[in-house]
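Colleague: Here you go, upload_1.pdb (PDB, C-alpha atoms, pLDDT in the B column):
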ATOM      1  CA  MET A 192     110.682 138.338  88.877  1.00 54.00           C
ATOM      2  CA  SER A 193     109.854 137.835  92.513  1.00 50.00           C
ATOM      3  CA  SER A 194     106.407 136.453  93.296  1.00 48.00           C
ATOM      4  CA  PHE A 195     104.441 137.632  96.332  1.00 45.00           C
ATOM      5  CA  PRO A 196     100.844 137.098  97.467  1.00 46.00           C
ATOM      6  CA  ALA A 197      98.517 139.982  96.540  1.00 44.00           C
ATOM      7  CA  SER A 198      97.725 140.607 100.213  1.00 44.00           C
ATOM      8  CA  VAL A 199     101.320 141.474 101.092  1.00 58.00           C
ATOM      9  CA  ASP A 200     101.780 145.150 101.937  1.00 84.00           C
ATOM     10  CA  LYS A 201     104.291 147.585 100.461  1.00 87.00           C
ATOM     11  CA  ALA A 202     106.675 147.372 103.426  1.00 89.00           C
ATOM     12  CA  ALA A 203     107.013 143.608 103.038  1.00 91.00           C
ATOM     13  CA  LEU A 204     107.389 143.898  99.256  1.00 92.00           C
ATOM     14  CA  ARG A 205     110.014 146.616  99.716  1.00 91.00           C
ATOM     15  CA  HIS A 206     111.962 144.500 102.200  1.00 92.00           C
ATOM     16  CA  THR A 207     111.959 141.410  99.986  1.00 91.00           C
ATOM     17  CA  ALA A 208     112.907 143.324  96.826  1.00 93.00           C
ATOM     18  CA  LEU A 209     115.695 145.195  98.613  1.00 93.00           C
ATOM     19  CA  SER A 210     117.022 141.908  99.992  1.00 94.00           C
ATOM     20  CA  ALA A 211     117.113 140.483  96.453  1.00 95.00           C
ATOM     21  CA  ARG A 212     118.912 143.597  95.215  1.00 95.00           C
ATOM     22  CA  GLU A 213     121.436 143.478  98.052  1.00 94.00           C
ATOM     23  CA  ALA A 214     122.083 139.762  97.441  1.00 95.00           C
ATOM     24  CA  LEU A 215     123.467 140.566  93.991  1.00 96.00           C
ATOM     25  CA  GLY A 216     126.735 141.718  95.524  1.00 93.00           C
ATOM     26  CA  GLU A 217     128.677 144.896  94.791  1.00 95.00           C
ATOM     27  CA  ASP A 218     130.617 143.645  91.738  1.00 97.00           C
ATOM     28  CA  VAL A 219     127.512 142.184  90.105  1.00 97.00           C
ATOM     29  CA  ARG A 220     125.560 145.395  90.721  1.00 97.00           C
ATOM     30  CA  ALA A 221     128.382 147.463  89.206  1.00 97.00           C
ATOM     31  CA  ALA A 222     128.454 145.246  86.100  1.00 97.00           C
ATOM     32  CA  LYS A 223     124.681 145.463  85.751  1.00 97.00           C
ATOM     33  CA  ALA A 224     124.786 149.270  86.108  1.00 97.00           C
ATOM     34  CA  GLU A 225     127.291 149.347  83.228  1.00 97.00           C
ATOM     35  CA  ALA A 226     124.965 147.101  81.191  1.00 97.00           C
ATOM     36  CA  ILE A 227     122.102 149.524  81.848  1.00 97.00           C
ATOM     37  CA  ALA A 228     124.301 152.405  80.671  1.00 96.00           C
ATOM     38  CA  LEU A 229     125.158 150.515  77.473  1.00 95.00           C
ATOM     39  CA  ARG A 230     121.470 149.758  76.906  1.00 90.00           C
ATOM     40  CA  ASP A 231     120.916 153.541  77.013  1.00 91.00           C
ATOM     41  CA  LEU A 232     117.600 155.341  77.148  1.00 94.00           C
ATOM     42  CA  PRO A 233     114.908 154.151  74.723  1.00 92.00           C
ATOM     43  CA  PHE A 234     114.400 157.613  73.202  1.00 94.00           C
ATOM     44  CA  GLU A 235     116.489 160.408  71.738  1.00 92.00           C
ATOM     45  CA  ILE A 236     117.677 163.260  73.901  1.00 93.00           C
ATOM     46  CA  ALA A 237     118.393 166.584  72.231  1.00 94.00           C
ATOM     47  CA  PRO A 238     121.522 168.439  73.402  1.00 95.00           C
ATOM     48  CA  GLY A 239     120.680 170.809  76.240  1.00 96.00           C
ATOM     49  CA  LYS A 240     117.910 168.649  77.699  1.00 97.00           C
ATOM     50  CA  VAL A 241     118.114 168.448  81.475  1.00 98.00           C
ATOM     51  CA  VAL A 242     118.491 164.954  82.944  1.00 98.00           C
ATOM     52  CA  ALA A 243     118.046 164.433  86.675  1.00 98.00           C
ATOM     53  CA  GLY A 244     120.020 161.538  88.055  1.00 98.00           C
ATOM     54  CA  TYR A 245     120.472 160.683  91.706  1.00 97.00           C
ATOM     55  CA  SER A 246     123.267 159.891  94.145  1.00 96.00           C
ATOM     56  CA  PRO A 247     122.964 156.148  94.722  1.00 95.00           C
ATOM     57  CA  ILE A 248     122.514 154.884  98.257  1.00 93.00           C
ATOM     58  CA  ARG A 249     122.556 151.385  99.682  1.00 90.00           C
ATOM     59  CA  SER A 250     122.529 148.945  96.769  1.00 95.00           C
ATOM     60  CA  GLU A 251     120.683 151.114  94.217  1.00 96.00           C
ATOM     61  CA  VAL A 252     121.547 151.041  90.542  1.00 97.00           C
ATOM     62  CA  ASP A 253     124.400 153.495  90.104  1.00 97.00           C
ATOM     63  CA  PRO A 254     123.106 155.948  87.469  1.00 98.00           C
ATOM     64  CA  PHE A 255     126.485 157.649  86.962  1.00 98.00           C
ATOM     65  CA  PRO A 256     127.656 155.416  84.048  1.00 97.00           C
ATOM     66  CA  LEU A 257     124.429 156.242  82.176  1.00 98.00           C
ATOM     67  CA  MET A 258     124.635 159.911  83.163  1.00 98.00           C
ATOM     68  CA  ARG A 259     128.204 160.108  81.778  1.00 97.00           C
ATOM     69  CA  ARG A 260     126.983 158.774  78.420  1.00 96.00           C
ATOM     70  CA  LEU A 261     124.129 161.277  78.344  1.00 97.00           C
ATOM     71  CA  ALA A 262     126.415 164.194  79.287  1.00 97.00           C
ATOM     72  CA  ALA A 263     128.818 163.215  76.490  1.00 96.00           C
ATOM     73  CA  ARG A 264     125.901 163.692  74.072  1.00 95.00           C
ATOM     74  CA  GLY A 265     125.101 167.156  75.403  1.00 96.00           C
ATOM     75  CA  ALA A 266     122.618 166.537  78.209  1.00 97.00           C
ATOM     76  CA  LEU A 267     122.747 168.897  81.168  1.00 98.00           C
ATOM     77  CA  LEU A 268     122.843 167.013  84.462  1.00 98.00           C
ATOM     78  CA  VAL A 269     121.185 167.770  87.788  1.00 98.00           C
ATOM     79  CA  LEU A 270     120.892 165.927  91.084  1.00 98.00           C
ATOM     80  CA  PRO A 271     117.992 166.109  93.525  1.00 97.00           C
ATOM     81  CA  ALA A 272     118.168 167.873  96.856  1.00 96.00           C
ATOM     82  CA  ILE A 273     115.743 167.474  99.736  1.00 92.00           C
ATOM     83  CA  VAL A 274     114.552 170.923 100.791  1.00 91.00           C
ATOM     84  CA  GLY A 275     111.962 169.986 103.383  1.00 85.00           C
ATOM     85  CA  ALA A 276     109.489 167.396 104.561  1.00 81.00           C
ATOM     86  CA  GLU A 277     106.462 167.014 102.304  1.00 85.00           C
ATOM     87  CA  ARG A 278     108.052 169.280  99.667  1.00 91.00           C
ATOM     88  CA  PRO A 279     109.035 168.344  96.098  1.00 93.00           C
ATOM     89  CA  LEU A 280     112.701 167.724  95.411  1.00 95.00           C
ATOM     90  CA  GLN A 281     114.815 170.588  94.087  1.00 96.00           C
ATOM     91  CA  PHE A 282     117.209 169.883  91.199  1.00 98.00           C
ATOM     92  CA  ARG A 283     120.662 171.437  91.255  1.00 98.00           C
ATOM     93  CA  ALA A 284     123.249 171.506  88.470  1.00 98.00           C
ATOM     94  CA  PHE A 285     125.759 168.667  88.639  1.00 97.00           C
ATOM     95  CA  ALA A 286     129.181 168.035  87.103  1.00 95.00           C
ATOM     96  CA  PHE A 287     131.277 164.953  87.793  1.00 94.00           C
ATOM     97  CA  ASP A 288     134.155 167.103  89.024  1.00 93.00           C
ATOM     98  CA  GLY A 289     131.861 169.249  91.190  1.00 92.00           C
ATOM     99  CA  VAL A 290     131.473 169.397  94.943  1.00 93.00           C
ATOM    100  CA  LEU A 291     128.783 167.329  96.665  1.00 95.00           C
ATOM    101  CA  ARG A 292     127.697 167.608 100.275  1.00 95.00           C
ATOM    102  CA  ARG A 293     125.576 165.379 102.492  1.00 94.00           C
ATOM    103  CA  GLY A 294     121.962 166.508 102.621  1.00 92.00           C
ATOM    104  CA  PRO A 295     119.418 166.084 105.437  1.00 88.00           C
ATOM    105  CA  LEU A 296     119.151 162.309 104.874  1.00 87.00           C
ATOM    106  CA  GLY A 297     122.903 161.827 104.403  1.00 90.00           C
ATOM    107  CA  ILE A 298     122.607 161.596 100.603  1.00 93.00           C
ATOM    108  CA  LEU A 299     125.178 163.432  98.490  1.00 95.00           C
ATOM    109  CA  GLU A 300     123.749 166.471  96.708  1.00 96.00           C
ATOM    110  CA  PRO A 301     125.080 169.702  95.182  1.00 96.00           C
ATOM    111  CA  PRO A 302     125.480 172.608  97.631  1.00 95.00           C
ATOM    112  CA  VAL A 303     122.529 174.936  98.228  1.00 94.00           C
ATOM    113  CA  GLU A 304     124.177 177.788  96.265  1.00 96.00           C
ATOM    114  CA  THR A 305     124.286 175.658  93.082  1.00 96.00           C
ATOM    115  CA  PRO A 306     121.935 176.837  90.293  1.00 97.00           C
ATOM    116  CA  THR A 307     118.639 174.971  89.996  1.00 97.00           C
ATOM    117  CA  LEU A 308     117.169 173.622  86.756  1.00 97.00           C
ATOM    118  CA  ALA A 309     113.871 171.895  86.002  1.00 95.00           C
ATOM    119  CA  PRO A 310     114.477 168.432  84.545  1.00 97.00           C
ATOM    120  CA  ASP A 311     113.081 167.154  81.259  1.00 97.00           C
ATOM    121  CA  ILE A 312     113.985 163.560  82.119  1.00 97.00           C
ATOM    122  CA  LEU A 313     114.002 162.106  85.599  1.00 97.00           C
ATOM    123  CA  LEU A 314     115.979 158.948  86.416  1.00 98.00           C
ATOM    124  CA  VAL A 315     114.143 157.418  89.347  1.00 97.00           C
ATOM    125  CA  PRO A 316     115.590 154.978  91.889  1.00 95.00           C
ATOM    126  CA  LEU A 317     113.286 152.255  93.111  1.00 94.00           C
ATOM    127  CA  ALA A 318     112.996 149.388  95.548  1.00 94.00           C
ATOM    128  CA  ALA A 319     110.553 147.379  93.400  1.00 95.00           C
ATOM    129  CA  PHE A 320     108.532 147.753  90.201  1.00 95.00           C
ATOM    130  CA  ASP A 321     105.854 145.942  88.241  1.00 95.00           C
ATOM    131  CA  ARG A 322     104.888 145.696  84.572  1.00 94.00           C
ATOM    132  CA  SER A 323     102.256 148.411  84.929  1.00 93.00           C
ATOM    133  CA  GLY A 324     104.834 151.139  85.627  1.00 94.00           C
ATOM    134  CA  HIS A 325     104.219 151.312  89.355  1.00 94.00           C
ATOM    135  CA  ARG A 326     107.151 151.467  91.739  1.00 94.00           C
ATOM    136  CA  ILE A 327     107.824 151.116  95.397  1.00 92.00           C
ATOM    137  CA  GLY A 328     110.321 153.601  96.785  1.00 90.00           C
ATOM    138  CA  TYR A 329     111.482 153.983 100.350  1.00 86.00           C
ATOM    139  CA  GLY A 330     108.160 155.256 101.647  1.00 77.00           C
ATOM    140  CA  ALA A 331     108.771 159.001 102.020  1.00 81.00           C
ATOM    141  CA  GLY A 332     106.947 159.935  98.791  1.00 85.00           C
ATOM    142  CA  HIS A 333     109.676 162.277  97.491  1.00 90.00           C
ATOM    143  CA  TYR A 334     109.480 161.108  93.867  1.00 92.00           C
ATOM    144  CA  ASP A 335     105.679 160.778  93.715  1.00 89.00           C
ATOM    145  CA  ARG A 336     105.288 164.307  95.093  1.00 91.00           C
ATOM    146  CA  THR A 337     108.000 165.674  92.790  1.00 93.00           C
ATOM    147  CA  LEU A 338     106.661 164.051  89.622  1.00 93.00           C
ATOM    148  CA  LYS A 339     103.123 165.232  90.324  1.00 92.00           C
ATOM    149  CA  ASN A 340     104.405 168.760  90.883  1.00 92.00           C
ATOM    150  CA  LEU A 341     106.592 168.797  87.752  1.00 93.00           C
ATOM    151  CA  ARG A 342     103.892 167.318  85.519  1.00 92.00           C
ATOM    152  CA  ARG A 343     101.529 170.163  86.438  1.00 92.00           C
ATOM    153  CA  SER A 344     103.673 172.636  84.527  1.00 90.00           C
ATOM    154  CA  ARG A 345     105.765 170.698  81.993  1.00 90.00           C
ATOM    155  CA  SER A 346     106.223 167.494  80.098  1.00 92.00           C
ATOM    156  CA  ILE A 347     108.646 165.222  81.918  1.00 94.00           C
ATOM    157  CA  THR A 348     109.730 161.654  81.247  1.00 96.00           C
ATOM    158  CA  ALA A 349     110.218 159.422  84.290  1.00 96.00           C
ATOM    159  CA  VAL A 350     112.585 156.477  83.837  1.00 97.00           C
ATOM    160  CA  GLY A 351     112.888 154.006  86.693  1.00 97.00           C
ATOM    161  CA  LEU A 352     116.295 152.338  87.047  1.00 97.00           C
ATOM    162  CA  GLY A 353     116.330 148.911  88.643  1.00 97.00           C
ATOM    163  CA  PHE A 354     117.748 145.431  88.457  1.00 97.00           C
ATOM    164  CA  ALA A 355     115.611 142.655  86.983  1.00 96.00           C
ATOM    165  CA  VAL A 356     115.449 140.937  90.410  1.00 96.00           C
ATOM    166  CA  GLN A 357     113.466 143.916  91.721  1.00 96.00           C
ATOM    167  CA  GLU A 358     110.474 143.196  89.492  1.00 95.00           C
ATOM    168  CA  ILE A 359     107.407 142.012  91.369  1.00 94.00           C
ATOM    169  CA  GLU A 360     104.075 140.779  90.098  1.00 91.00           C
ATOM    170  CA  SER A 361     102.014 143.744  91.266  1.00 91.00           C
ATOM    171  CA  VAL A 362     102.639 146.901  93.271  1.00 91.00           C
ATOM    172  CA  PRO A 363      99.665 147.765  95.499  1.00 89.00           C
ATOM    173  CA  ALA A 364      99.346 151.273  94.029  1.00 81.00           C
ATOM    174  CA  LEU A 365      97.420 154.055  95.725  1.00 77.00           C
ATOM    175  CA  SER A 366      95.774 157.096  94.122  1.00 73.00           C
ATOM    176  CA  HIS A 367      98.772 159.354  94.912  1.00 72.00           C
ATOM    177  CA  ASP A 368     101.312 156.934  93.368  1.00 78.00           C
ATOM    178  CA  VAL A 369     102.730 158.178  90.064  1.00 85.00           C
ATOM    179  CA  VAL A 370     103.236 155.837  87.116  1.00 92.00           C
ATOM    180  CA  LEU A 371     106.658 155.745  85.435  1.00 96.00           C
ATOM    181  CA  ASP A 372     107.033 156.146  81.667  1.00 96.00           C
ATOM    182  CA  TYR A 373     109.756 153.489  81.423  1.00 97.00           C
ATOM    183  CA  VAL A 374     111.741 151.080  83.574  1.00 97.00           C
ATOM    184  CA  LEU A 375     115.261 150.299  82.439  1.00 97.00           C
ATOM    185  CA  THR A 376     117.008 147.174  83.745  1.00 97.00           C
ATOM    186  CA  GLU A 377     120.068 145.251  82.655  1.00 97.00           C
ATOM    187  CA  ALA A 378     117.745 142.753  80.946  1.00 95.00           C
ATOM    188  CA  GLU A 379     115.160 144.906  79.163  1.00 95.00           C
ATOM    189  CA  VAL A 380     113.310 148.178  78.738  1.00 95.00           C
ATOM    190  CA  LEU A 381     109.703 148.304  79.870  1.00 95.00           C
ATOM    191  CA  PHE A 382     107.462 150.916  78.181  1.00 95.00           C
ATOM    192  CA  PHE A 383     104.447 152.411  79.934  1.00 92.00           C
ATOM    193  CA  ARG A 384     104.056 155.705  78.095  1.00 76.00           C
ATOM    194  CA  SER A 385     100.853 155.952  76.080  1.00 59.00           C
ATOM    195  CA  SER A 386     102.156 158.492  73.547  1.00 51.00           C
TER     196      SER A 386
END
Go ahead and express the file in the form of structure tokens.
Modeller:
Amino acid sequence: MSSFPASVDKAALRHTALSAREALGEDVRAAKAEAIALRDLPFEIAPGKVVAGYSPIRSEVDPFPLMRRLAARGALLVLPAIVGAERPLQFRAFAFDGVLRRGPLGILEPPVETPTLAPDILLVPLAAFDRSGHRIGYGAGHYDRTLKNLRRSRSITAVGLGFAVQEIESVPALSHDVVLDYVLTEAEVLFFRSS
């Protein structure tokens, strides 16, 4: 775990955590992503449940090894698509042999004509996390906005994926920040869900 003074702002925490993640190196990150996939999710997933992954950017945990395991057990996969500023993410059906295109931020996503599905489980990328279930993302608020929107109409489980080096003592959370249900790293599973 990285240790930072409580007065440090989110931008500084994000920068330091991302630097620690980047310092792991590509081969180490790939091995740790495989370890996360082998650890698996800490709950059962019924066949047909919709799992939203993400297309990894920069040095994020690659969720594809875990997504392959979940698909082999019958999960339906989707990937997020950015459909506008200040709007929740849209989730489009995904298959490993399917076509992906670069979206507005240059992130790979299924084409606009791909069917959309509402996820039951959301794998969430993060820059940093703490042991209260708070995360720091990249600052645009896409996942906070999306989780709030989804949770208004359905039960959804949010699982942050990160490397152990991204853990910080405390995220300076704001009222609009959404708490994760779990964080899954190569070292452990952290539980935040009350039920």
Colleague: What does the PyMOL selection byres ((chain A and resi 372) around 6) select in this file, as JSON, numbers by chain?
Modeller: {"A": [349, 350, 371, 373, 383, 384]}
Colleague: Can you list every residue of stretch 295-371 of chain A that has an atom at most 9 Å from stretch 199-210 of chain A, with its nearest atom pair and the distance in Å to one decimal, using only C-alpha atoms, ordered by chain then number, as JSON lines?
Modeller:
{"residue": "A:Ala318", "atom": "CA", "partner": "A:Arg205", "partner_atom": "CA", "distance": 5.8}
{"residue": "A:Ala319", "atom": "CA", "partner": "A:Ala208", "partner_atom": "CA", "distance": 5.8}
{"residue": "A:Ile327", "atom": "CA", "partner": "A:Arg205", "partner_atom": "CA", "distance": 6.6}
{"residue": "A:Gly328", "atom": "CA", "partner": "A:Arg205", "partner_atom": "CA", "distance": 7.6}
{"residue": "A:Tyr329", "atom": "CA", "partner": "A:Arg205", "partner_atom": "CA", "distance": 7.5}
{"residue": "A:Gly330", "atom": "CA", "partner": "A:Ala202", "partner_atom": "CA", "distance": 8.2}
{"residue": "A:Val356", "atom": "CA", "partner": "A:Ala208", "partner_atom": "CA", "distance": 7.3}
{"residue": "A:Gln357", "atom": "CA", "partner": "A:Ala208", "partner_atom": "CA", "distance": 5.2}
{"residue": "A:Glu358", "atom": "CA", "partner": "A:Ala208", "partner_atom": "CA", "distance": 7.7}
{"residue": "A:Ile359", "atom": "CA", "partner": "A:Ala208", "partner_atom": "CA", "distance": 7.9}
{"residue": "A:Val362", "atom": "CA", "partner": "A:Lys201", "partner_atom": "CA", "distance": 7.4}
{"residue": "A:Pro363", "atom": "CA", "partner": "A:Lys201", "partner_atom": "CA", "distance": 6.8}
{"residue": "A:Ala364", "atom": "CA", "partner": "A:Lys201", "partner_atom": "CA", "distance": 8.9}
Colleague: Return the single residue from A:Arg283, A:Arg293, A:Arg249, A:Arg230 that is closest to A:Pro316, with distances computed using only C-alpha atoms.
Modeller: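 Comparing A:Arg283, A:Arg293, A:Arg249, A:Arg230 against A:Pro316, the winner is A:Arg249.
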Colleague: For A:Ala284, please output as number ranges by chain all residues within 8 Å (counting only C-alpha atoms; exclusion window: fewer than 6 positions along the same chain).
Modeller: A: 267-270, 301, 305-308
Colleague: List the residues matched by the PyMOL selection byres ((chain A and resi 323) around 8) in the displayed structure as a count of residues only, ordered by chain and then by residue number.
Modeller: 7
Colleague: May I ask which of the residues A:Leu375, A:Leu280, A:Val219, A:Ala286 is the closest one to A:Ala263, counting all atoms listed in the file?
Modeller: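 So, comparing all the options, the nearest one is A:Ala286.
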Colleague: Please identify every residue of stretch 272-376 of chain A that has at least one atom no farther than 12 Å from an atom of stretch 256-259 of chain A, counting all atoms listed in the file, and for each give the shortest atom pair and the distance in Å to one decimal, arranged by chain then increasing number, as a tab-separated table.
Modeller:
residue	atom	partner	partner_atom	distance
A:Phe285	CA	A:Met258	CA	10.4
A:Ala286	CA	A:Arg259	CA	9.6
A:Phe287	CA	A:Arg259	CA	8.3
A:Asp288	CA	A:Arg259	CA	11.7
A:Ile312	CA	A:Met258	CA	11.3
A:Leu313	CA	A:Met258	CA	11.1
A:Leu314	CA	A:Met258	CA	9.3
A:Val350	CA	A:Leu257	CA	12.0
A:Leu352	CA	A:Leu257	CA	10.3
A:Leu375	CA	A:Leu257	CA	10.9
A:Thr376	CA	A:Leu257	CA	11.8
